[in-house]
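Engineer: Okay, here's the structure, questions in a sec.
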Protein chains: 2
Amino acid sequence: MDLSERQLQILQAIISDYVENAEPVGSRSIAKKYDLGVSPATIRNEMSDLEEMGYLTHPHTSAGRVPSDKAYRLYVNDLMKKKNLSARDKRLINDRLSASRDEFDATIRHAAELLSEITHLASFAMTPVVNEDTIAFIRLMPVDARTIILMIVGNSGNVTNTTLRLKVPYTTESLELLSKNMTVEYNGRTLDDALKGEIIEDVGTDIEALSQLRGSVMPSFMKTLEDMLNVHLYMEGMTNIFNIPEYSSIDRARDFMEMFARKDEFTRKMLDRDDGVVITIGEENDSMKDCTLITATYHVDGKMVGKIGVIGPTRMKYDEVTSLMEYLTNNLSESFRLTDGKDDGRK
Amino acid sequence: MDLSERQLQILQAIISDYVENAEPVGSRSIAKKYDLGVSPATIRNEMSDLEEMGYLTHPHTSAGRVPSDKAYRLYVNDLMKKKNLSARDKRLINDRLSASRDEFDATIRHAAELLSEITHLASFAMTPVVNEDTIAFIRLMPVDARTIILMIVGNSGNVTNTTLRLKVPYTTESLELLSKNMTVEYNGRTLDDALKGEIIEDVGTDIEALSQLRGSVMPSFMKTLEDMLNVHLYMEGMTNIFNIPEYSSIDRARDFMEMFARKDEFTRKMLDRDDGVVITIGEENDSMKDCTLITATYHVDGKMVGKIGVIGPTRMKYDEVTSLMEYLTNNLSESFRLTDGKDDGRK
DNA sequence: TGTTAGCACTCACCTCAGTAGAGTGCTAAT
DNA sequence: ATTAGCACTCTACTGAGGTGAGTGCTAACA
């Protein structure tokens, strides 16, 4: 059953009032603040109907109305209008992001900072999933008699290294040879495949010493691959939730903080969400049933996908937050595409 | 004026009771639980004297006594006995730390985890200050037409790298030449000196192209040096404070979390503290005047110094926590020395 | 038939008084 | 010097009464 025009107006009024003041909204205050041309009594009747339909709830008999998850869902789907970012916010974003264009992780971290600074909510940003990245080359370098550096370079420019303490002696030549061997072996394979796929048996291991060296390098090689595959999670503004009336109880706050403390689980959950701007409200979430979670995706090279997100009470400024997130992800994707574009263009 | 034997006994009893139960301690309960051979009335008189001397306070007239910062200080300095770690905890520590011996940062992070798991307090651990580390070599490596990797290796095995997008074209030869030039230039200099010291003017820059390449690499070189100098801070168990009665107020909890959110400031403050196990109680702290902060230092190669720490209410089990921290830092130092020792020994 | 005024009713919230209980501080006896 | 005894203090809890915001219903109105 569809809502009448007036019911929509009233619902919208209740939502915006509640979002603003965090207190149940009464019929009289709606009638006064929003010029609907009807008396409080009429509004009361409509409210009663809206409650029956599940759009409003009632903390107790003599309290005003509060929008339900269903109301926010309706608002987000049908009522919400796109909001333009303020020039100030746009400038802030552009400045901050361009300051660290080359440094991948720093840019992502800045995105998380910007999100929480502008929305005053808890926010996060994660580095892209690089399962699809392929190995460009592998290099082993000497440091001292027993110490070498293992370096894996992906074709996206993604680089990771570890320092190894070898138990067997090595020569510079053997390191170079092994580097070449491993590069031939792994070049072009995706990280995921390199980690999980079968290990191709030693290519040209006539030399006993080389085989030994390889044996002591492989465990670290695998560990380093794993590390490359790891998504880095940056969180900001966690303490913002303390300012929200909904979280004035210590138990609520604790639950909230603990959810973030379990980083791996949290990361996995976020990666499971669809691409684009996704809003899940209250009960629509697995956990955090009194929160709204908004995530959005950015792209690197058009392929790799990373996520940013915001978490707050269901009572939030959906229009402003979604606009901000769209702007931010566009900016990020642009940023990460442009650098490559430039390179290719001038080549 | 010194305290009598009996006063010390009473004070100790009050402290251990209060540490256990977090509630003001009355004269009657002391008389019952601890066999001091005197009546509550006598204890009351002594308590009154102790209060006059500043060792106890009184939330209100009809409440029991609570130890003051001064009391804890006395306890820590004179009364506290060394406590042995349980075999279980020792095993836990040894297992966890040895699992990641090669990976520096992972080991430090595990140390923070162990601290908070065992003490149920908020804890942190930071990677060592490497100002004194010297540069071993610098290497530039090609990735693709416009992308190169800059890698700086310290003599402690500390390695950092960045990916650069060059605006000028390069040749493999020029990269190698520049690597050599820069290595000659910076080899043996401390990171701190390399970053802050004067830039030695181009060594052998007859070739125009090399000078240009150098120009576009230097900013990133400096940024990477800075990154190497950065101390990494790992924090664990922040949510533990929610379980502590002292922090049941949301404002307290917020202040606490915010202090940790300002990582840079926090890191700086911790680094300013003396070496060894340092305990600062309540008012002795700059901020967090109702907390006790305990820090301890571990060593890498006998030179570089890193810190671990625990933060909780002044009401904490000082004996257990300090023993744990001593054990943990010894283990860390041992860990980080042994690997080198082994190398040198077998060389 | 939709809208509105009026009014009784509900319920959270605040305040206040009264009570119980823990613990002190003082005094006088040992 | 120590202790028993007792008055006193102060918090925490409880229940009663008052207040005000807001509803829900009814009857009158356009």
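Going through the structure tokens in order, the chains are called A, B, and so on, while each chain numbers its residues from 1 and the ligands are numbered from 1 in the order shown.
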Find the nearest atom pair between each residue of chain B and chain A for residues within 8 Å, count only C-alpha atoms, give distances in Å to one decimal, sort rows by chain and ascending number, and present the table as a tab-separated table.
Structural biologist:
residue	atom	partner	partner_atom	distance
B:Asp102	CA	A:Leu164	CA	6.7
B:Glu103	CA	A:Thr163	CA	7.7
B:Ala136	CA	A:Val143	CA	7.8
B:Val143	CA	A:Gly157	CA	7.1
B:Ala145	CA	A:Lys347	CA	7.1
B:Arg146	CA	A:Asp343	CA	6.2
B:Thr147	CA	A:Gly157	CA	7.4
B:Val153	CA	A:Val143	CA	7.9
B:Asn155	CA	A:Val143	CA	7.7
B:Gly157	CA	A:Thr163	CA	6.6
B:Asn158	CA	A:Thr163	CA	7.6
B:Val159	CA	A:Thr163	CA	7.4
B:Asn161	CA	A:Val159	CA	7.7
B:Thr162	CA	A:Val159	CA	7.7
B:Thr163	CA	A:Gly157	CA	6.5
B:Leu164	CA	A:Asp102	CA	6.8
B:Arg165	CA	A:Asp102	CA	7.2
B:Thr239	CA	A:Arg254	CA	6.3
B:Phe242	CA	A:Arg254	CA	6.4
B:Ser248	CA	A:Ile250	CA	6.4
B:Ser249	CA	A:Ile250	CA	7.2
B:Ile250	CA	A:Ile250	CA	6.2
B:Asp251	CA	A:Phe242	CA	7.9
B:Arg254	CA	A:Thr239	CA	6.3
B:Met257	CA	A:Thr239	CA	6.5
B:Glu258	CA	A:Thr239	CA	6.4
B:Thr339	CA	A:Arg165	CA	7.6
B:Asp343	CA	A:Arg146	CA	6.1
B:Lys347	CA	A:Ala145	CA	7.1
Engineer: Using C-alpha atoms, can you export the residues from the last selection as a PDB file, in the first residue's frame?
Structural biologist:
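Written output follows (out-v4.pdb):
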ATOM      1  CA  ASP B 102      62.560 -13.011  11.767  1.00  0.00           C
ATOM      2  CA  GLU B 103      59.813 -10.504  11.372  1.00  0.00           C
ATOM      3  CA  ALA B 136      74.384   0.305   4.140  1.00  0.00           C
ATOM      4  CA  VAL B 143      59.818  -1.804 -12.833  1.00  0.00           C
ATOM      5  CA  ALA B 145      59.128   2.469 -18.429  1.00  0.00           C
ATOM      6  CA  ARG B 146      58.216   5.153 -15.880  1.00  0.00           C
ATOM      7  CA  THR B 147      58.216   3.310 -12.616  1.00  0.00           C
ATOM      8  CA  VAL B 153      68.978  -0.613   3.435  1.00  0.00           C
ATOM      9  CA  ASN B 155      73.197  -1.775   8.499  1.00  0.00           C
ATOM     10  CA  GLY B 157      68.961  -4.985   8.244  1.00  0.00           C
ATOM     11  CA  ASN B 158      66.220  -2.403   8.332  1.00  0.00           C
ATOM     12  CA  VAL B 159      64.838  -2.079   4.794  1.00  0.00           C
ATOM     13  CA  ASN B 161      61.241   0.925  -0.198  1.00  0.00           C
ATOM     14  CA  THR B 162      58.945   3.129  -2.240  1.00  0.00           C
ATOM     15  CA  THR B 163      57.614   3.020  -5.714  1.00  0.00           C
ATOM     16  CA  LEU B 164      58.310   6.122  -7.758  1.00  0.00           C
ATOM     17  CA  ARG B 165      56.596   7.410 -10.870  1.00  0.00           C
ATOM     18  CA  THR B 239      38.591  -1.994  25.069  1.00  0.00           C
ATOM     19  CA  PHE B 242      35.612  -0.515  29.606  1.00  0.00           C
ATOM     20  CA  SER B 248      32.443   3.351  33.592  1.00  0.00           C
ATOM     21  CA  SER B 249      31.761   6.985  32.774  1.00  0.00           C
ATOM     22  CA  ILE B 250      31.610   7.675  29.090  1.00  0.00           C
ATOM     23  CA  ASP B 251      33.617  10.867  29.389  1.00  0.00           C
ATOM     24  CA  ARG B 254      36.425   9.014  25.649  1.00  0.00           C
ATOM     25  CA  MET B 257      40.576   6.580  23.751  1.00  0.00           C
ATOM     26  CA  GLU B 258      41.358   9.990  22.359  1.00  0.00           C
ATOM     27  CA  THR B 339      69.909 -13.793  15.829  1.00  0.00           C
ATOM     28  CA  ASP B 343      75.364 -14.894  12.696  1.00  0.00           C
ATOM     29  CA  LYS B 347      80.713 -16.420  10.399  1.00  0.00           C
TER      30      LYS B 347
END
Engineer: DSSP on the backbone: which residues in stretch 90-246 of chain A end up as strand (DSSP E)? Give the answer as a VMD selection string.
Structural biologist: chain A and resid 122 to 126 135 to 144 147 to 154 159 to 165 233 to 236
Engineer: Could you save those same residues with C-alpha atoms as an mmCIF file, in the first residue's frame?
Structural biologist:
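out_3.cif, written as the output of this step:
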data_model
loop_
_atom_site.group_PDB
_atom_site.id
_atom_site.type_symbol
_atom_site.label_atom_id
_atom_site.label_comp_id
_atom_site.auth_asym_id
_atom_site.auth_seq_id
_atom_site.Cartn_x
_atom_site.Cartn_y
_atom_site.Cartn_z
ATOM 1 C CA ALA A 122 33.594 6.464 12.584
ATOM 2 C CA SER A 123 35.191 5.659 9.278
ATOM 3 C CA PHE A 124 37.590 3.280 7.621
ATOM 4 C CA ALA A 125 39.398 2.797 4.353
ATOM 5 C CA MET A 126 41.179 -0.215 3.058
ATOM 6 C CA ILE A 135 54.329 -11.012 -10.194
ATOM 7 C CA ALA A 136 56.775 -8.930 -12.231
ATOM 8 C CA PHE A 137 60.000 -10.132 -10.691
ATOM 9 C CA ILE A 138 61.633 -11.482 -7.579
ATOM 10 C CA ARG A 139 64.990 -10.316 -6.340
ATOM 11 C CA LEU A 140 67.336 -11.449 -3.600
ATOM 12 C CA MET A 141 69.961 -9.023 -2.403
ATOM 13 C CA PRO A 142 72.888 -9.428 -0.029
ATOM 14 C CA VAL A 143 73.109 -7.328 3.129
ATOM 15 C CA ASP A 144 75.762 -9.064 5.165
ATOM 16 C CA THR A 147 71.425 -11.563 5.932
ATOM 17 C CA ILE A 148 69.655 -11.103 2.634
ATOM 18 C CA ILE A 149 66.652 -9.167 1.438
ATOM 19 C CA LEU A 150 63.833 -10.825 -0.440
ATOM 20 C CA MET A 151 61.816 -8.521 -2.631
ATOM 21 C CA ILE A 152 58.703 -9.291 -4.631
ATOM 22 C CA VAL A 153 57.491 -6.781 -7.192
ATOM 23 C CA GLY A 154 54.023 -6.914 -8.696
ATOM 24 C CA VAL A 159 56.414 -3.962 -3.715
ATOM 25 C CA THR A 160 57.047 -5.918 -0.556
ATOM 26 C CA ASN A 161 60.256 -7.029 1.065
ATOM 27 C CA THR A 162 61.526 -9.004 4.033
ATOM 28 C CA THR A 163 64.828 -9.391 5.668
ATOM 29 C CA LEU A 164 65.986 -12.980 6.027
ATOM 30 C CA ARG A 165 68.553 -14.478 8.333
ATOM 31 C CA LEU A 233 42.726 -1.349 7.169
ATOM 32 C CA TYR A 234 42.877 2.253 8.341
ATOM 33 C CA MET A 235 40.342 3.373 10.880
ATOM 34 C CA GLU A 236 39.630 6.886 12.017
#
Engineer: Do me a favour and pick out the residues of chain D within 9 Å of chain A, using only C-alpha atoms (C1' of nucleotides), as a compact mmCIF listing (two decimals) with N, CA and C atoms (P, O5', C5', C4', C3', O3' and C1' of nucleotides), in the first residue's frame.
Structural biologist:
# COMPACT_ATOMS: atom_id res chain seq x y z
P DA D 21 6.33 20.86 28.26
O5' DA D 21 6.67 19.80 27.13
C5' DA D 21 7.68 18.81 27.39
C4' DA D 21 7.27 17.51 26.74
C3' DA D 21 6.57 17.69 25.39
O3' DA D 21 7.14 16.80 24.47
C1' DA D 21 5.23 16.37 26.84
P DG D 22 6.78 16.93 22.93
O5' DG D 22 5.65 15.85 22.82
C5' DG D 22 5.98 14.47 23.09
C4' DG D 22 4.71 13.69 23.10
C3' DG D 22 3.78 14.00 21.94
O3' DG D 22 3.61 12.87 21.11
C1' DG D 22 2.60 13.87 23.99
P DT D 23 2.62 12.90 19.85
O5' DT D 23 1.63 11.73 20.23
C5' DT D 23 2.14 10.54 20.83
C4' DT D 23 1.05 9.86 21.62
C3' DT D 23 -0.15 9.44 20.79
O3' DT D 23 -0.35 8.04 20.94
C1' DT D 23 -0.87 10.67 22.70
P DG D 24 -1.13 7.24 19.86
O5' DG D 24 -2.62 7.28 20.43
C5' DG D 24 -2.88 6.70 21.71
C4' DG D 24 -4.35 6.85 22.03
C3' DG D 24 -5.29 6.58 20.86
O3' DG D 24 -6.42 5.89 21.36
C1' DG D 24 -5.65 8.78 21.65
Engineer: Need to verify the contact set: stretch 25-29 of chain C, 9 Å, only C-alpha atoms (C1' of nucleotides), exclusion of same-chain residues closer than 5 positions in sequence. Can you return it as a short mmCIF file (atom, residue, chain, number, x, y, z; two decimals) with C-alpha atoms (C1' of nucleotides), in the first residue's frame?
Structural biologist:
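What ended up in out.cif:
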data_model
loop_
_atom_site.label_atom_id
_atom_site.label_comp_id
_atom_site.auth_asym_id
_atom_site.auth_seq_id
_atom_site.Cartn_x
_atom_site.Cartn_y
_atom_site.Cartn_z
CA ARG B 44 40.78 3.10 62.59
"C1'" DT D 3 39.58 -1.44 72.89
"C1'" DA D 4 34.38 -1.47 73.38
"C1'" DA D 7 26.43 8.69 68.37
"C1'" DC D 8 26.98 10.59 64.05
#
Engineer: Which residues of chain C come within 10 Å of chain B, and what is each one's closest atom pair and distance in Å (one decimal), counting only C-alpha atoms (C1' of nucleotides), sorted by chain and residue number, as CSV?
Structural biologist:
residue,atom,partner,partner_atom,distance
C:DA22,C1',B:Ser62,CA,7.0
C:DG23,C1',B:Ser62,CA,4.8
C:DT24,C1',B:Ser62,CA,5.6
C:DG25,C1',B:Arg44,CA,8.8
Engineer: Output N, CA and C atoms (P, O5', C5', C4', C3', O3' and C1' of nucleotides) for every residue in that selection, as a CSV table (one decimal), in the first residue's frame.
Structural biologist:
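The resulting out01.csv:
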chain,number,residue,atom,x,y,z
C,22,DA,P,26.0,-3.4,55.9
C,22,DA,O5',27.4,-2.7,55.5
C,22,DA,C5',27.4,-1.9,54.3
C,22,DA,C4',28.3,-0.7,54.5
C,22,DA,C3',29.5,-1.1,55.4
C,22,DA,O3',30.7,-0.7,54.7
C,22,DA,C1',28.5,0.9,56.2
C,23,DG,P,32.1,-1.1,55.3
C,23,DG,O5',32.5,0.2,56.1
C,23,DG,C5',32.6,1.4,55.4
C,23,DG,C4',32.8,2.5,56.4
C,23,DG,C3',33.8,2.2,57.5
C,23,DG,O3',34.9,3.1,57.4
C,23,DG,C1',31.9,3.1,58.4
C,24,DT,P,36.1,3.0,58.5
C,24,DT,O5',36.0,4.5,59.1
C,24,DT,C5',35.8,5.6,58.3
C,24,DT,C4',35.2,6.7,59.1
C,24,DT,C3',36.1,7.2,60.2
C,24,DT,O3',36.3,8.6,60.0
C,24,DT,C1',33.9,6.7,61.0
C,25,DG,P,37.5,9.2,60.7
C,25,DG,O5',36.9,9.7,62.1
C,25,DG,C5',35.8,10.6,62.0
C,25,DG,C4',35.5,11.0,63.5
C,25,DG,C3',36.7,11.2,64.4
C,25,DG,O3',36.3,12.3,65.2
C,25,DG,C1',35.3,9.5,65.2
Engineer: Please list as a PyMOL selection string every residue within 12 Å of A:Asn330, counting only C-alpha atoms (C1' of nucleotides) and excluding residues in the same chain fewer than 5 positions away.
Structural biologist: chain A and resi 93-94+97+111+276-277+296-300+302+307-308+323-325+335-338
Engineer: Include C-alpha atoms and write out the residues we just selected as a tab-separated table (two decimals), in the first residue's frame.
Structural biologist:
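Dumped to part39.tsv:
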chain	number	residue	atom	x	y	z
A	93	ILE	CA	39.56	16.58	-0.15
A	94	ASN	CA	41.49	17.65	-3.21
A	97	LEU	CA	44.56	13.54	-1.44
A	111	ALA	CA	40.70	9.14	2.75
A	276	GLY	CA	29.37	0.86	-5.42
A	277	VAL	CA	27.67	2.76	-2.64
A	296	ALA	CA	31.70	2.56	-1.33
A	297	THR	CA	34.33	1.23	-3.69
A	298	TYR	CA	37.19	2.83	-5.56
A	299	HIS	CA	39.22	1.32	-8.33
A	300	VAL	CA	42.87	1.10	-9.15
A	302	GLY	CA	40.07	-0.17	-13.32
A	307	LYS	CA	36.64	-0.01	-0.03
A	308	ILE	CA	35.94	2.93	2.18
A	323	SER	CA	27.43	12.45	-1.63
A	324	LEU	CA	30.69	12.73	0.20
A	325	MET	CA	31.50	9.09	-0.35
A	335	SER	CA	43.89	9.59	-8.68
A	336	PHE	CA	44.95	6.01	-9.06
A	337	ARG	CA	44.07	5.92	-12.73
A	338	LEU	CA	45.62	9.22	-13.71
Engineer: Name the closest residue to A:Ile14 among the candidates A:Asp290, A:Arg214, A:Glu117, A:Arg315; distances are taken between atoms, counting only C-alpha atoms.
Structural biologist: A:Arg315
Engineer: Set the distance at 12 Å and use only C-alpha atoms (C1' of nucleotides): which residues neighbour B:Glu208 once local chain neighbours fewer than 5 positions away are removed? I'd like the list as an MDAnalysis selection string.
Structural biologist: chainID B and resid 170 174 202 213:215
